Amino acid sequence: MKLTYKTIPALCLVTLTATACAAHNAAPAKPANSPTTSAVAQPPVPPAVAKAARALGAGLLASVDGMKKVYGPESGAFGGLTATRRGLEAMAKTKVDKPGCATTGQLDAQAPAVRDAPAAVVSFMSKSRTITEALIELPEKDAVKRFPGLQPGCEKYTLSSGDAKMTYTTRPVELPRRGDRVSAFLTSVEGTGIDLKLGSVALRRGNVVMSLLVVGSKVDRKDLLDQTDKAYAALIKVVK
């Protein structure tokens, strides 16, 4: 089965990071300062956090060739963003044979320093691929300490939800130095009946961490490098 626009949302419970899939079912693209509707009332965002988050929104990818913007940009406290909340809800419904591995290459959205940090996120989609980018501004010590990586033993793990069971195999990918630090990973998914590849990049510039996720039937190092370069070019216009 080929990966298509219609099949990706069905995988929200079993992807490497549910945040990206959650974006596909979120509200249509809207301005960064538009209010987010939710059945659960969210605590007000402190003015300083809201201001910093809006500034980050200007550093996101504005467009991706051949793709349609399907979510965002949305800004605010990272834990309160629609994609983050829906992603955490989805992950809560899954079982992981190795706890902690499901967030490989991603920041821990449940850590208070990350949850309350200014952030902005946007997502794009085509018939065969999705790209989601998030920018999170952390205290510098947390940006260094919590920088995403591949934990020992997480090279291979299994997620299950209901009758679905999928095995994830991840390997690091070397990319040229961008910012203060960069790490990248390619993940293959087995057990879906779908040819699914996940590429993730984490990049730190000062105290801002950029998270980039590419999901599609074909994702390779060149794809990650191309998208990282474009995202970094937008980032450095805002984060000096």
# chains A, B, ... in the order shown; residues from 1 in each chain; ligands from 1

call {"tool": "residues_around", "arguments": {"residues": "Met210 (chain A)", "least_positions_apart": "2", "cutoff": "9 Å", "atoms": "only C-alpha atoms", "output": "PyMOL selection string"}}
result
chain A and resi 133-137+201-205+208+212+231-232+235

call {"tool": "write_last_selection", "arguments": {"atoms": "N, CA and C atoms", "output": "mmCIF file, in the first residue's frame"}}
result
data_model
loop_
_atom_site.group_PDB
_atom_site.id
_atom_site.type_symbol
_atom_site.label_atom_id
_atom_site.label_comp_id
_atom_site.auth_asym_id
_atom_site.auth_seq_id
_atom_site.Cartn_x
_atom_site.Cartn_y
_atom_site.Cartn_z
ATOM 1 N N GLU A 133 7.450 21.218 11.515
ATOM 2 C CA GLU A 133 8.570 21.915 12.147
ATOM 3 C C GLU A 133 8.090 22.606 13.415
ATOM 4 N N ALA A 134 8.889 22.510 14.462
ATOM 5 C CA ALA A 134 8.605 23.216 15.711
ATOM 6 C C ALA A 134 9.856 23.949 16.164
ATOM 7 N N LEU A 135 9.673 25.125 16.738
ATOM 8 C CA LEU A 135 10.753 25.891 17.353
ATOM 9 C C LEU A 135 10.388 26.096 18.814
ATOM 10 N N ILE A 136 11.306 25.755 19.714
ATOM 11 C CA ILE A 136 11.061 25.860 21.148
ATOM 12 C C ILE A 136 12.207 26.637 21.786
ATOM 13 N N GLU A 137 11.870 27.689 22.534
ATOM 14 C CA GLU A 137 12.885 28.508 23.203
ATOM 15 C C GLU A 137 12.977 28.098 24.670
ATOM 16 N N VAL A 201 15.085 15.585 12.643
ATOM 17 C CA VAL A 201 16.273 16.416 12.843
ATOM 18 C C VAL A 201 16.042 17.299 14.059
ATOM 19 N N ALA A 202 17.029 17.376 14.929
ATOM 20 C CA ALA A 202 17.015 18.322 16.044
ATOM 21 C C ALA A 202 18.221 19.233 15.869
ATOM 22 N N LEU A 203 17.998 20.526 15.989
ATOM 23 C CA LEU A 203 19.069 21.505 15.788
ATOM 24 C C LEU A 203 18.963 22.564 16.877
ATOM 25 N N ARG A 204 20.094 22.904 17.474
ATOM 26 C CA ARG A 204 20.102 23.947 18.506
ATOM 27 C C ARG A 204 20.894 25.155 18.038
ATOM 28 N N ARG A 205 20.285 26.314 18.172
ATOM 29 C CA ARG A 205 20.970 27.585 17.931
ATOM 30 C C ARG A 205 20.747 28.437 19.174
ATOM 31 N N VAL A 208 17.441 28.082 21.418
ATOM 32 C CA VAL A 208 16.287 27.660 20.621
ATOM 33 C C VAL A 208 16.579 26.304 19.983
ATOM 34 N N LEU A 212 12.439 19.005 13.442
ATOM 35 C CA LEU A 212 11.928 18.829 12.084
ATOM 36 C C LEU A 212 11.618 17.355 11.870
ATOM 37 N N ALA A 231 14.994 25.220 6.539
ATOM 38 C CA ALA A 231 14.468 25.612 7.844
ATOM 39 C C ALA A 231 15.481 26.462 8.605
ATOM 40 N N TYR A 232 16.757 26.115 8.487
ATOM 41 C CA TYR A 232 17.796 26.866 9.195
ATOM 42 C C TYR A 232 17.928 28.278 8.630
ATOM 43 N N LEU A 235 15.292 30.197 10.232
ATOM 44 C CA LEU A 235 15.546 30.357 11.665
ATOM 45 C C LEU A 235 16.532 31.480 11.958
#

call {"tool": "residues_around", "arguments": {"residues": "Val214 (chain A)", "least_positions_apart": "5", "cutoff": "8 Å", "atoms": "only C-alpha atoms", "output": "VMD selection string"}}
result
chain A and resid 129 to 132 198 to 200 219 224

call {"tool": "residues_around", "arguments": {"residues": "Ala109 (chain A)", "least_positions_apart": "5", "cutoff": "10 Å", "atoms": "only C-alpha atoms", "output": "number ranges by chain"}}
result
A: 19, 78-80, 84-85, 87-88, 103, 114-117

call {"tool": "select_by_dssp", "arguments": {"residues": "chain A", "states": "strand (DSSP E)", "output": "ChimeraX atom specification"}}
result
/A:68-77,95-96,118-125,129-137,156-161,164-173,181-190,196-205,208-216

call {"tool": "residues_around", "arguments": {"residues": "Leu186 (chain A)", "least_positions_apart": "2", "cutoff": "12 Å", "atoms": "only C-alpha atoms", "output": "PDB file with N, CA and C atoms, in the first residue's frame"}}
result
ATOM      1  N   LEU A  16       6.436   7.725  15.134  1.00  0.00           N
ATOM      2  CA  LEU A  16       7.559   8.060  16.003  1.00  0.00           C
ATOM      3  C   LEU A  16       7.192   9.166  16.972  1.00  0.00           C
ATOM      4  N   THR A 104      12.134   9.265  20.596  1.00  0.00           N
ATOM      5  CA  THR A 104      13.485   9.327  20.038  1.00  0.00           C
ATOM      6  C   THR A 104      13.628  10.509  19.085  1.00  0.00           C
ATOM      7  N   GLY A 105      14.641  11.329  19.320  1.00  0.00           N
ATOM      8  CA  GLY A 105      14.897  12.471  18.452  1.00  0.00           C
ATOM      9  C   GLY A 105      14.010  13.668  18.713  1.00  0.00           C
ATOM     10  N   LEU A 150      19.596   9.743  20.481  1.00  0.00           N
ATOM     11  CA  LEU A 150      19.174   8.346  20.401  1.00  0.00           C
ATOM     12  C   LEU A 150      19.654   7.635  21.657  1.00  0.00           C
ATOM     13  N   GLU A 155      17.505   1.734  19.400  1.00  0.00           N
ATOM     14  CA  GLU A 155      17.708   1.527  17.967  1.00  0.00           C
ATOM     15  C   GLU A 155      16.560   0.723  17.367  1.00  0.00           C
ATOM     16  N   LYS A 156      15.901  -0.087  18.214  1.00  0.00           N
ATOM     17  CA  LYS A 156      14.763  -0.876  17.750  1.00  0.00           C
ATOM     18  C   LYS A 156      13.771  -1.036  18.893  1.00  0.00           C
ATOM     19  N   TYR A 168       9.870  -0.225  15.062  1.00  0.00           N
ATOM     20  CA  TYR A 168      10.617   0.936  14.593  1.00  0.00           C
ATOM     21  C   TYR A 168      12.113   0.649  14.689  1.00  0.00           C
ATOM     22  N   THR A 169      12.817   0.853  13.592  1.00  0.00           N
ATOM     23  CA  THR A 169      14.266   0.672  13.567  1.00  0.00           C
ATOM     24  C   THR A 169      14.905   2.000  13.189  1.00  0.00           C
ATOM     25  N   THR A 170      15.724   2.538  14.086  1.00  0.00           N
ATOM     26  CA  THR A 170      16.276   3.889  13.922  1.00  0.00           C
ATOM     27  C   THR A 170      17.793   3.859  13.839  1.00  0.00           C
ATOM     28  N   ARG A 171      18.321   4.683  12.954  1.00  0.00           N
ATOM     29  CA  ARG A 171      19.772   4.829  12.857  1.00  0.00           C
ATOM     30  C   ARG A 171      20.121   6.308  12.744  1.00  0.00           C
ATOM     31  N   PRO A 172      21.242   6.721  13.327  1.00  0.00           N
ATOM     32  CA  PRO A 172      21.661   8.123  13.221  1.00  0.00           C
ATOM     33  C   PRO A 172      22.150   8.441  11.816  1.00  0.00           C
ATOM     34  N   VAL A 173      21.986   9.693  11.419  1.00  0.00           N
ATOM     35  CA  VAL A 173      22.437  10.176  10.114  1.00  0.00           C
ATOM     36  C   VAL A 173      23.312  11.401  10.347  1.00  0.00           C
ATOM     37  N   GLU A 174      24.449  11.441   9.710  1.00  0.00           N
ATOM     38  CA  GLU A 174      25.356  12.574   9.884  1.00  0.00           C
ATOM     39  C   GLU A 174      24.989  13.697   8.924  1.00  0.00           C
ATOM     40  N   LEU A 175      24.797  14.900   9.478  1.00  0.00           N
ATOM     41  CA  LEU A 175      24.524  16.089   8.679  1.00  0.00           C
ATOM     42  C   LEU A 175      25.604  17.132   8.958  1.00  0.00           C
ATOM     43  N   SER A 183      21.498  16.900  15.273  1.00  0.00           N
ATOM     44  CA  SER A 183      21.444  15.439  15.234  1.00  0.00           C
ATOM     45  C   SER A 183      20.285  15.042  14.329  1.00  0.00           C
ATOM     46  N   ALA A 184      20.442  13.927  13.624  1.00  0.00           N
ATOM     47  CA  ALA A 184      19.412  13.490  12.684  1.00  0.00           C
ATOM     48  C   ALA A 184      19.300  11.975  12.706  1.00  0.00           C
ATOM     49  N   SER A 188      12.748   3.311   9.999  1.00  0.00           N
ATOM     50  CA  SER A 188      11.886   2.482   9.156  1.00  0.00           C
ATOM     51  C   SER A 188      10.828   1.842  10.042  1.00  0.00           C
ATOM     52  N   VAL A 189       9.605   1.746   9.519  1.00  0.00           N
ATOM     53  CA  VAL A 189       8.496   1.173  10.274  1.00  0.00           C
ATOM     54  C   VAL A 189       8.040  -0.109   9.593  1.00  0.00           C
ATOM     55  N   LEU A 196       6.638   2.979   5.115  1.00  0.00           N
ATOM     56  CA  LEU A 196       6.714   4.212   5.888  1.00  0.00           C
ATOM     57  C   LEU A 196       8.124   4.479   6.383  1.00  0.00           C
ATOM     58  N   LYS A 197       8.607   5.689   6.120  1.00  0.00           N
ATOM     59  CA  LYS A 197       9.916   6.127   6.596  1.00  0.00           C
ATOM     60  C   LYS A 197       9.732   7.435   7.369  1.00  0.00           C
ATOM     61  N   LEU A 198      10.499   7.580   8.435  1.00  0.00           N
ATOM     62  CA  LEU A 198      10.451   8.785   9.253  1.00  0.00           C
ATOM     63  C   LEU A 198      11.849   9.371   9.351  1.00  0.00           C
ATOM     64  N   GLY A 199      11.964  10.654   9.096  1.00  0.00           N
ATOM     65  CA  GLY A 199      13.238  11.337   9.251  1.00  0.00           C
ATOM     66  C   GLY A 199      13.074  12.458  10.256  1.00  0.00           C
ATOM     67  N   SER A 200      13.947  12.512  11.256  1.00  0.00           N
ATOM     68  CA  SER A 200      13.844  13.562  12.272  1.00  0.00           C
ATOM     69  C   SER A 200      15.176  14.276  12.431  1.00  0.00           C
ATOM     70  N   VAL A 201      15.085  15.585  12.643  1.00  0.00           N
ATOM     71  CA  VAL A 201      16.273  16.416  12.843  1.00  0.00           C
ATOM     72  C   VAL A 201      16.042  17.299  14.059  1.00  0.00           C
ATOM     73  N   LEU A 212      12.439  19.005  13.442  1.00  0.00           N
ATOM     74  CA  LEU A 212      11.928  18.829  12.084  1.00  0.00           C
ATOM     75  C   LEU A 212      11.618  17.355  11.870  1.00  0.00           C
ATOM     76  N   LEU A 213      10.404  17.058  11.419  1.00  0.00           N
ATOM     77  CA  LEU A 213      10.002  15.676  11.178  1.00  0.00           C
ATOM     78  C   LEU A 213       9.471  15.531   9.760  1.00  0.00           C
ATOM     79  N   VAL A 214      10.040  14.588   9.011  1.00  0.00           N
ATOM     80  CA  VAL A 214       9.610  14.296   7.644  1.00  0.00           C
ATOM     81  C   VAL A 214       9.081  12.867   7.621  1.00  0.00           C
ATOM     82  N   VAL A 215       7.838  12.687   7.193  1.00  0.00           N
ATOM     83  CA  VAL A 215       7.205  11.370   7.151  1.00  0.00           C
ATOM     84  C   VAL A 215       6.761  11.089   5.729  1.00  0.00           C
ATOM     85  N   GLY A 216       7.127   9.929   5.190  1.00  0.00           N
ATOM     86  CA  GLY A 216       6.722   9.600   3.828  1.00  0.00           C
ATOM     87  C   GLY A 216       7.106   8.191   3.443  1.00  0.00           C
ATOM     88  N   LYS A 218       9.171   7.543   1.063  1.00  0.00           N
ATOM     89  CA  LYS A 218      10.597   7.587   0.763  1.00  0.00           C
ATOM     90  C   LYS A 218      11.194   8.825   1.417  1.00  0.00           C
ATOM     91  N   VAL A 219      12.069   8.612   2.376  1.00  0.00           N
ATOM     92  CA  VAL A 219      12.766   9.704   3.054  1.00  0.00           C
ATOM     93  C   VAL A 219      14.219   9.279   3.208  1.00  0.00           C
ATOM     94  N   ASP A 220      15.146  10.108   2.744  1.00  0.00           N
ATOM     95  CA  ASP A 220      16.558   9.751   2.863  1.00  0.00           C
ATOM     96  C   ASP A 220      17.365  10.929   3.403  1.00  0.00           C
ATOM     97  N   ARG A 221      18.669  10.740   3.490  1.00  0.00           N
ATOM     98  CA  ARG A 221      19.546  11.765   4.051  1.00  0.00           C
ATOM     99  C   ARG A 221      19.450  13.070   3.272  1.00  0.00           C
ATOM    100  N   LYS A 222      19.384  12.983   1.947  1.00  0.00           N
ATOM    101  CA  LYS A 222      19.303  14.191   1.123  1.00  0.00           C
ATOM    102  C   LYS A 222      18.040  14.986   1.449  1.00  0.00           C
ATOM    103  N   ASP A 223      16.928  14.288   1.663  1.00  0.00           N
ATOM    104  CA  ASP A 223      15.687  14.971   2.028  1.00  0.00           C
ATOM    105  C   ASP A 223      15.862  15.742   3.335  1.00  0.00           C
ATOM    106  N   LEU A 224      16.478  15.089   4.315  1.00  0.00           N
ATOM    107  CA  LEU A 224      16.686  15.741   5.606  1.00  0.00           C
ATOM    108  C   LEU A 224      17.623  16.938   5.477  1.00  0.00           C
ATOM    109  N   LEU A 225      18.677  16.783   4.687  1.00  0.00           N
ATOM    110  CA  LEU A 225      19.633  17.875   4.502  1.00  0.00           C
ATOM    111  C   LEU A 225      18.974  19.066   3.815  1.00  0.00           C
TER     112      LEU A 225
END

call {"tool": "atom_distance", "arguments": {"atom1": "CA of Pro73 (chain A)", "atom2": "CA of Asp142 (chain A)"}}
result
24.1 Å

call {"tool": "atom_distance", "arguments": {"atom1": "CA of Gln106 (chain A)", "atom2": "CA of Pro148 (chain A)"}}
result
5.3 Å

call {"tool": "residues_around", "arguments": {"residues": "Ser75 (chain A)", "least_positions_apart": "2", "cutoff": "9 Å", "atoms": "only C-alpha atoms", "output": "list in words"}}
result
Ala32, Asn33, Ser34, Ala50, Ala52, Ala53, Arg54, Ala55, Leu56, Gly57, Gly72, Pro73, Ala77, Phe78, Leu81, Pro118, Ala119, Ala120 and Val121 of chain A

call {"tool": "write_last_selection", "arguments": {"atoms": "N, CA and C atoms", "output": "PDB file, in the first residue's frame"}}
result
ATOM      1  N   ALA A  32      -0.629  32.853  13.292  1.00  0.00           N
ATOM      2  CA  ALA A  32       0.008  32.406  14.529  1.00  0.00           C
ATOM      3  C   ALA A  32      -0.672  32.938  15.771  1.00  0.00           C
ATOM      4  N   ASN A  33      -1.319  34.104  15.693  1.00  0.00           N
ATOM      5  CA  ASN A  33      -1.920  34.678  16.885  1.00  0.00           C
ATOM      6  C   ASN A  33      -3.403  34.366  17.003  1.00  0.00           C
ATOM      7  N   SER A  34      -3.911  33.444  16.161  1.00  0.00           N
ATOM      8  CA  SER A  34      -5.314  33.074  16.247  1.00  0.00           C
ATOM      9  C   SER A  34      -5.548  32.215  17.472  1.00  0.00           C
ATOM     10  N   ALA A  50       3.898  34.422  25.372  1.00  0.00           N
ATOM     11  CA  ALA A  50       3.151  34.627  24.131  1.00  0.00           C
ATOM     12  C   ALA A  50       3.945  35.486  23.148  1.00  0.00           C
ATOM     13  N   ALA A  52       7.277  35.920  23.018  1.00  0.00           N
ATOM     14  CA  ALA A  52       8.434  35.170  22.526  1.00  0.00           C
ATOM     15  C   ALA A  52       8.007  34.111  21.515  1.00  0.00           C
ATOM     16  N   ALA A  53       6.855  33.484  21.759  1.00  0.00           N
ATOM     17  CA  ALA A  53       6.364  32.446  20.852  1.00  0.00           C
ATOM     18  C   ALA A  53       5.992  33.034  19.494  1.00  0.00           C
ATOM     19  N   ARG A  54       5.363  34.209  19.498  1.00  0.00           N
ATOM     20  CA  ARG A  54       5.013  34.856  18.228  1.00  0.00           C
ATOM     21  C   ARG A  54       6.267  35.189  17.430  1.00  0.00           C
ATOM     22  N   ALA A  55       7.316  35.610  18.125  1.00  0.00           N
ATOM     23  CA  ALA A  55       8.577  35.915  17.444  1.00  0.00           C
ATOM     24  C   ALA A  55       9.160  34.655  16.805  1.00  0.00           C
ATOM     25  N   LEU A  56       9.045  33.523  17.497  1.00  0.00           N
ATOM     26  CA  LEU A  56       9.541  32.261  16.942  1.00  0.00           C
ATOM     27  C   LEU A  56       8.766  31.883  15.680  1.00  0.00           C
ATOM     28  N   GLY A  57       7.471  32.181  15.670  1.00  0.00           N
ATOM     29  CA  GLY A  57       6.643  31.842  14.515  1.00  0.00           C
ATOM     30  C   GLY A  57       7.170  32.436  13.223  1.00  0.00           C
ATOM     31  N   GLY A  72      -1.274  25.413  11.357  1.00  0.00           N
ATOM     32  CA  GLY A  72      -0.439  26.480  11.853  1.00  0.00           C
ATOM     33  C   GLY A  72      -0.173  27.572  10.820  1.00  0.00           C
ATOM     34  N   PRO A  73       0.807  28.442  11.142  1.00  0.00           N
ATOM     35  CA  PRO A  73       1.601  28.348  12.366  1.00  0.00           C
ATOM     36  C   PRO A  73       0.787  28.684  13.611  1.00  0.00           C
ATOM     37  N   ALA A  77       2.690  28.472  24.616  1.00  0.00           N
ATOM     38  CA  ALA A  77       3.483  27.546  25.425  1.00  0.00           C
ATOM     39  C   ALA A  77       3.445  26.181  24.741  1.00  0.00           C
ATOM     40  N   PHE A  78       4.586  25.513  24.644  1.00  0.00           N
ATOM     41  CA  PHE A  78       4.684  24.275  23.869  1.00  0.00           C
ATOM     42  C   PHE A  78       3.651  23.235  24.299  1.00  0.00           C
ATOM     43  N   LEU A  81       0.021  23.848  22.864  1.00  0.00           N
ATOM     44  CA  LEU A  81      -0.265  23.854  21.434  1.00  0.00           C
ATOM     45  C   LEU A  81      -1.152  22.667  21.069  1.00  0.00           C
ATOM     46  N   PRO A 118       8.156  28.966  25.374  1.00  0.00           N
ATOM     47  CA  PRO A 118       7.592  29.568  24.159  1.00  0.00           C
ATOM     48  C   PRO A 118       7.889  28.671  22.965  1.00  0.00           C
ATOM     49  N   ALA A 119       6.903  28.496  22.088  1.00  0.00           N
ATOM     50  CA  ALA A 119       7.091  27.598  20.951  1.00  0.00           C
ATOM     51  C   ALA A 119       6.166  27.979  19.810  1.00  0.00           C
ATOM     52  N   ALA A 120       6.515  27.505  18.621  1.00  0.00           N
ATOM     53  CA  ALA A 120       5.678  27.695  17.440  1.00  0.00           C
ATOM     54  C   ALA A 120       5.822  26.459  16.568  1.00  0.00           C
ATOM     55  N   VAL A 121       4.735  26.080  15.879  1.00  0.00           N
ATOM     56  CA  VAL A 121       4.752  24.865  15.068  1.00  0.00           C
ATOM     57  C   VAL A 121       3.946  25.063  13.792  1.00  0.00           C
TER      58      VAL A 121
END

call {"tool": "atom_distance", "arguments": {"atom1": "CA of Asp108 (chain A)", "atom2": "CA of Asp180 (chain A)"}}
result
19.8 Å

call {"tool": "select_by_dssp", "arguments": {"residues": "region 10-232 of chain A", "states": "helix (DSSP H, G or I)", "output": "PyMOL selection string"}}
result
chain A and resi 10-11+18-24+47-57+78-80+82-92+101-103+112-115+140-145+221-232

call {"tool": "write_last_selection", "arguments": {"atoms": "C-alpha atoms", "output": "PDB file, in the first residue's frame"}}
result
ATOM      1  CA  ALA A  10      -4.776   6.643  10.660  1.00  0.00           C
ATOM      2  CA  LEU A  11      -1.225   6.141  11.899  1.00  0.00           C
ATOM      3  CA  ALA A  18       2.276  11.586  17.560  1.00  0.00           C
ATOM      4  CA  THR A  19       2.604  15.373  17.534  1.00  0.00           C
ATOM      5  CA  ALA A  20       3.197  15.456  13.790  1.00  0.00           C
ATOM      6  CA  CYS A  21       0.258  13.191  12.998  1.00  0.00           C
ATOM      7  CA  ALA A  22      -1.958  15.144  15.368  1.00  0.00           C
ATOM      8  CA  ALA A  23      -1.282  18.218  13.268  1.00  0.00           C
ATOM      9  CA  HIS A  24      -2.984  16.586  10.280  1.00  0.00           C
ATOM     10  CA  PRO A  47       2.373  37.663  28.099  1.00  0.00           C
ATOM     11  CA  ALA A  48       6.160  37.228  27.933  1.00  0.00           C
ATOM     12  CA  VAL A  49       5.777  33.632  26.709  1.00  0.00           C
ATOM     13  CA  ALA A  50       3.151  34.627  24.131  1.00  0.00           C
ATOM     14  CA  LYS A  51       5.374  37.425  22.798  1.00  0.00           C
ATOM     15  CA  ALA A  52       8.434  35.170  22.526  1.00  0.00           C
ATOM     16  CA  ALA A  53       6.364  32.446  20.852  1.00  0.00           C
ATOM     17  CA  ARG A  54       5.013  34.856  18.228  1.00  0.00           C
ATOM     18  CA  ALA A  55       8.577  35.915  17.444  1.00  0.00           C
ATOM     19  CA  LEU A  56       9.541  32.261  16.942  1.00  0.00           C
ATOM     20  CA  GLY A  57       6.643  31.842  14.515  1.00  0.00           C
ATOM     21  CA  PHE A  78       4.684  24.275  23.869  1.00  0.00           C
ATOM     22  CA  GLY A  79       2.538  22.056  26.087  1.00  0.00           C
ATOM     23  CA  GLY A  80      -0.588  24.043  25.219  1.00  0.00           C
ATOM     24  CA  THR A  82      -2.975  21.827  19.712  1.00  0.00           C
ATOM     25  CA  ALA A  83      -0.508  19.453  18.055  1.00  0.00           C
ATOM     26  CA  THR A  84       1.363  18.857  21.322  1.00  0.00           C
ATOM     27  CA  ARG A  85      -1.777  18.124  23.327  1.00  0.00           C
ATOM     28  CA  ARG A  86      -3.263  15.810  20.719  1.00  0.00           C
ATOM     29  CA  GLY A  87       0.070  14.101  20.298  1.00  0.00           C
ATOM     30  CA  LEU A  88       0.355  13.382  24.019  1.00  0.00           C
ATOM     31  CA  GLU A  89      -3.236  12.116  24.097  1.00  0.00           C
ATOM     32  CA  ALA A  90      -2.460   9.767  21.221  1.00  0.00           C
ATOM     33  CA  MET A  91       0.758   8.497  22.782  1.00  0.00           C
ATOM     34  CA  ALA A  92      -1.074   7.814  26.058  1.00  0.00           C
ATOM     35  CA  CYS A 101      11.969   5.253  23.046  1.00  0.00           C
ATOM     36  CA  ALA A 102       8.805   6.598  21.397  1.00  0.00           C
ATOM     37  CA  THR A 103      10.167  10.154  21.706  1.00  0.00           C
ATOM     38  CA  PRO A 112       8.000  21.353  32.822  1.00  0.00           C
ATOM     39  CA  ALA A 113      10.852  23.339  31.249  1.00  0.00           C
ATOM     40  CA  VAL A 114       9.738  22.183  27.788  1.00  0.00           C
ATOM     41  CA  ARG A 115       5.990  22.202  28.427  1.00  0.00           C
ATOM     42  CA  GLU A 140      19.997  27.748  27.821  1.00  0.00           C
ATOM     43  CA  LYS A 141      20.925  25.036  30.332  1.00  0.00           C
ATOM     44  CA  ASP A 142      17.818  23.064  29.334  1.00  0.00           C
ATOM     45  CA  ALA A 143      18.474  23.590  25.627  1.00  0.00           C
ATOM     46  CA  VAL A 144      21.838  21.899  26.170  1.00  0.00           C
ATOM     47  CA  LYS A 145      20.769  19.265  28.716  1.00  0.00           C
ATOM     48  CA  ARG A 221      19.546  11.765   4.051  1.00  0.00           C
ATOM     49  CA  LYS A 222      19.303  14.191   1.123  1.00  0.00           C
ATOM     50  CA  ASP A 223      15.687  14.971   2.028  1.00  0.00           C
ATOM     51  CA  LEU A 224      16.686  15.741   5.606  1.00  0.00           C
ATOM     52  CA  LEU A 225      19.633  17.875   4.502  1.00  0.00           C
ATOM     53  CA  ASP A 226      17.542  19.889   2.023  1.00  0.00           C
ATOM     54  CA  GLN A 227      14.752  20.600   4.502  1.00  0.00           C
ATOM     55  CA  THR A 228      17.191  21.344   7.323  1.00  0.00           C
ATOM     56  CA  ASP A 229      19.025  23.914   5.200  1.00  0.00           C
ATOM     57  CA  LYS A 230      15.754  25.640   4.273  1.00  0.00           C
ATOM     58  CA  ALA A 231      14.468  25.612   7.844  1.00  0.00           C
ATOM     59  CA  TYR A 232      17.796  26.866   9.195  1.00  0.00           C
TER      60      TYR A 232
END
